[in-house]
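> The structure is given below, and queries will be raised subsequently.
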Amino acid sequence: MRFRKLHDWDLTPKEAVALQRQLVSQVVLNRPDKRPPQLIAGVDASYPRFSNRITAGVVVCHRDDWSIVESSYAVLDSPFPYVPGLLSFRELPGLLEAFKGLKTRPDAIIVDGQGRAHPRRFGIGCHLGLWLDIPTIGCGKTRLCGEFAEPSNERGGRSDLIDKEEVIGEVLRTRTGVKPVYASIGHKFDLVSAVDLLLDCAPRYRLPEPIRLAHHFVNESRLASTEDA
DNA sequence: GCGACAG
DNA sequence: ATCTTGTCGC
C-alpha cells in the first residue's frame, strides 16, 4: 500500500501534543463511503519484556468468514516511550511500515486502542485513519478517559462514554457476562456504524476477530523473526 | 498537590 | 505491552 506522508516522527512529547491538537481538525466524523466494508484489517503490536523493539503487524480478512486475505509486519525500534495519550507516536511508525508491505487496501481498519475516546480526541485510531485515509475505528480493552454507566450484562449492552459533556465513544458488551470494550470513531466513521461493525466482528469472543487475528499474527511474527533485543 | 493513565 | 500457574465457570 502507498500513502502520503503526513508529518515527521522525531518529536518531543510536547511537540507530539501540539501536533495532535493540529491534526484533530482533519478527522472525519461520519462515513462518506456508505458501502458495507468487506475487507477488514486488524492491527496490533508486540514487544519483548524490557525492550522498545516493536513488531507491528496488520491482518486483512474477509468479513464473511474471517479468512485471511493478506498480512504484513515490520520490526523496528520505537522512537517513543509509552506515554498515556501519546500511544500513536510509539506504535504508528512500525504499523505504517507494515502497511507499506500490504498489496490489499482494506475497506476498514480496527485498531487496538482508542479513537476519539482520548483527552484531545485524537487516539491512535484517528491518527492511523488520517495517515492512510481509510475508515478506522478504535476498540480499546480498557478506558483512557471519560465516564460511563455500567452497560447491561448481555451481549449488545452499551452505554455512552462521556468526557466534558461530550459523547466520545460507547462502552460495548460484545459477550454476555464479560468485560465490555471501549468503542470510538477513528476516522470516516460514525459511532453507530462503529458499534454495529464491532458487534458483527465479535460474534463469539470479547475482542473483534480482526484484532484477534492481528494479535496472534504479531506474536508469532515476533517469536519467529526477532531474536529479542 | 493528588489521583488517573489506551498499549 | 510483558511475565506467569492455577483455577473457576459455561
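The way I read the labels, and the way they are meant: chains A, B, ... in the order of the C-alpha cells, residue 1 as the first residue of every chain, and ligand 1 as the first ligand shown, with later ones counted on from there.
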Please, which residues of chain A lie no more than 9 Å from chain C when the count uses only C-alpha atoms (C1' of nucleotides), and can they be set out as a list in words?
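Output check: Ala45, Ser46, Tyr47, Pro48, Arg49 and Phe50 of chain A.
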> With a cut-off of 7 Å and counting only C-alpha atoms (C1' of nucleotides), select all residues of chain A in contact with chain B and give the selection as a list in words.
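Residues of chain A within 7 Å of chain B, counting only C-alpha atoms (C1' of nucleotides): Pro84, Leu87, Gly113, Gln114, Gly140, Thr142, Arg143 and Leu144 of chain A.
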> I need the residues in region 16-129 of chain A that are strand (DSSP E) according to DSSP; give them as a count of residues only.
32
> Might you pull out every residue within 10 Å of Val195 (chain A), with only C-alpha atoms (C1' of nucleotides) counted and same-chain residues fewer than 4 positions away left off, and present them as a VMD selection string?
chain A and resid 137 139 156 158 169 to 172 174 182 to 185 190 to 191 199 to 201
> Using N, CA and C atoms, can you write the selected residues to a file as a tab-separated table (two decimals), in the first residue's frame?

chain	number	residue	atom	x	y	z
A	137	ILE	N	-11.81	2.48	13.10
A	137	ILE	CA	-12.46	2.61	14.40
A	137	ILE	C	-11.51	2.11	15.48
A	139	CYS	N	-10.92	0.30	19.20
A	139	CYS	CA	-11.55	-0.66	20.11
A	139	CYS	C	-10.58	-0.93	21.25
A	156	GLY	N	-24.35	-6.95	23.47
A	156	GLY	CA	-25.09	-5.88	22.81
A	156	GLY	C	-25.37	-4.72	23.76
A	158	ARG	N	-24.85	-1.56	25.98
A	158	ARG	CA	-23.92	-0.46	25.74
A	158	ARG	C	-24.31	0.78	26.52
A	169	GLY	N	-17.53	8.03	22.88
A	169	GLY	CA	-17.47	6.63	22.48
A	169	GLY	C	-18.59	5.83	23.13
A	170	GLU	N	-18.54	4.53	22.98
A	170	GLU	CA	-19.53	3.64	23.56
A	170	GLU	C	-18.81	2.54	24.34
A	171	VAL	N	-19.35	2.24	25.51
A	171	VAL	CA	-18.82	1.11	26.26
A	171	VAL	C	-19.71	-0.03	25.83
A	172	LEU	N	-19.14	-1.00	25.16
A	172	LEU	CA	-19.93	-2.04	24.49
A	172	LEU	C	-19.63	-3.46	24.96
A	174	THR	N	-19.59	-7.09	24.14
A	174	THR	CA	-19.62	-7.96	22.95
A	174	THR	C	-19.93	-9.41	23.32
A	182	TYR	N	-14.18	-0.64	24.69
A	182	TYR	CA	-14.40	0.80	24.55
A	182	TYR	C	-14.31	1.16	23.07
A	183	ALA	N	-15.47	1.43	22.47
A	183	ALA	CA	-15.53	1.69	21.03
A	183	ALA	C	-15.57	3.18	20.76
A	184	SER	N	-14.84	3.61	19.75
A	184	SER	CA	-14.92	5.02	19.36
A	184	SER	C	-14.53	5.20	17.90
A	185	ILE	N	-14.92	6.33	17.37
A	185	ILE	CA	-14.64	6.66	15.98
A	185	ILE	C	-13.15	6.92	15.81
A	190	ASP	N	-19.01	6.79	11.87
A	190	ASP	CA	-19.89	7.39	12.86
A	190	ASP	C	-20.02	6.35	13.96
A	191	LEU	N	-20.38	6.78	15.15
A	191	LEU	CA	-20.38	5.89	16.30
A	191	LEU	C	-21.34	4.71	16.16
A	199	LEU	N	-19.82	-5.28	16.75
A	199	LEU	CA	-20.65	-6.42	17.16
A	199	LEU	C	-20.61	-7.50	16.10
A	200	ASP	N	-20.61	-7.07	14.84
A	200	ASP	CA	-20.51	-8.02	13.73
A	200	ASP	C	-19.20	-8.78	13.77
A	201	CYS	N	-18.16	-8.05	14.11
A	201	CYS	CA	-16.82	-8.64	14.10
A	201	CYS	C	-16.51	-9.46	15.34
> When you draw a straight line from CA of Pro81 (chain A) to CA of Ala224 (chain A), how long is it in Å?
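Distance reported for this atom pair: 24.4 Å.
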> Run DSSP on the backbone and give me the residues of region 79-196 of chain A it puts in helix (DSSP H, G or I), as a ChimeraX atom specification.
/A:87-100,124-132,191-196
> Could you please take those selected residues and save C-alpha atoms as a short mmCIF file (atom, residue, chain, number, x, y, z; two decimals), in the first residue's frame?

data_model
loop_
_atom_site.label_atom_id
_atom_site.label_comp_id
_atom_site.auth_asym_id
_atom_site.auth_seq_id
_atom_site.Cartn_x
_atom_site.Cartn_y
_atom_site.Cartn_z
CA LEU A 87 0.46 5.89 22.14
CA SER A 88 0.36 6.51 18.40
CA PHE A 89 3.82 8.10 18.46
CA ARG A 90 5.16 4.83 19.83
CA GLU A 91 3.29 2.37 17.63
CA LEU A 92 2.40 4.07 14.34
CA PRO A 93 5.86 4.25 12.76
CA GLY A 94 6.06 0.46 12.89
CA LEU A 95 2.43 0.00 11.92
CA LEU A 96 2.79 2.22 8.86
CA GLU A 97 5.82 0.21 7.76
CA ALA A 98 3.67 -2.90 7.97
CA PHE A 99 1.01 -1.26 5.79
CA LYS A 100 3.63 -0.43 3.17
CA ILE A 124 -4.26 6.07 17.67
CA GLY A 125 -7.38 5.11 15.71
CA CYS A 126 -7.77 8.68 14.42
CA HIS A 127 -4.08 9.05 13.76
CA LEU A 128 -3.81 5.85 11.71
CA GLY A 129 -7.02 6.58 9.80
CA LEU A 130 -5.73 10.02 8.84
CA TRP A 131 -2.37 8.71 7.63
CA LEU A 132 -3.98 6.08 5.43
CA LEU A 191 -20.38 5.89 16.30
CA VAL A 192 -23.48 3.87 15.43
CA SER A 193 -21.80 2.23 12.45
CA ALA A 194 -18.68 1.61 14.51
CA VAL A 195 -20.68 -0.22 17.19
CA ASP A 196 -22.53 -2.22 14.52
#
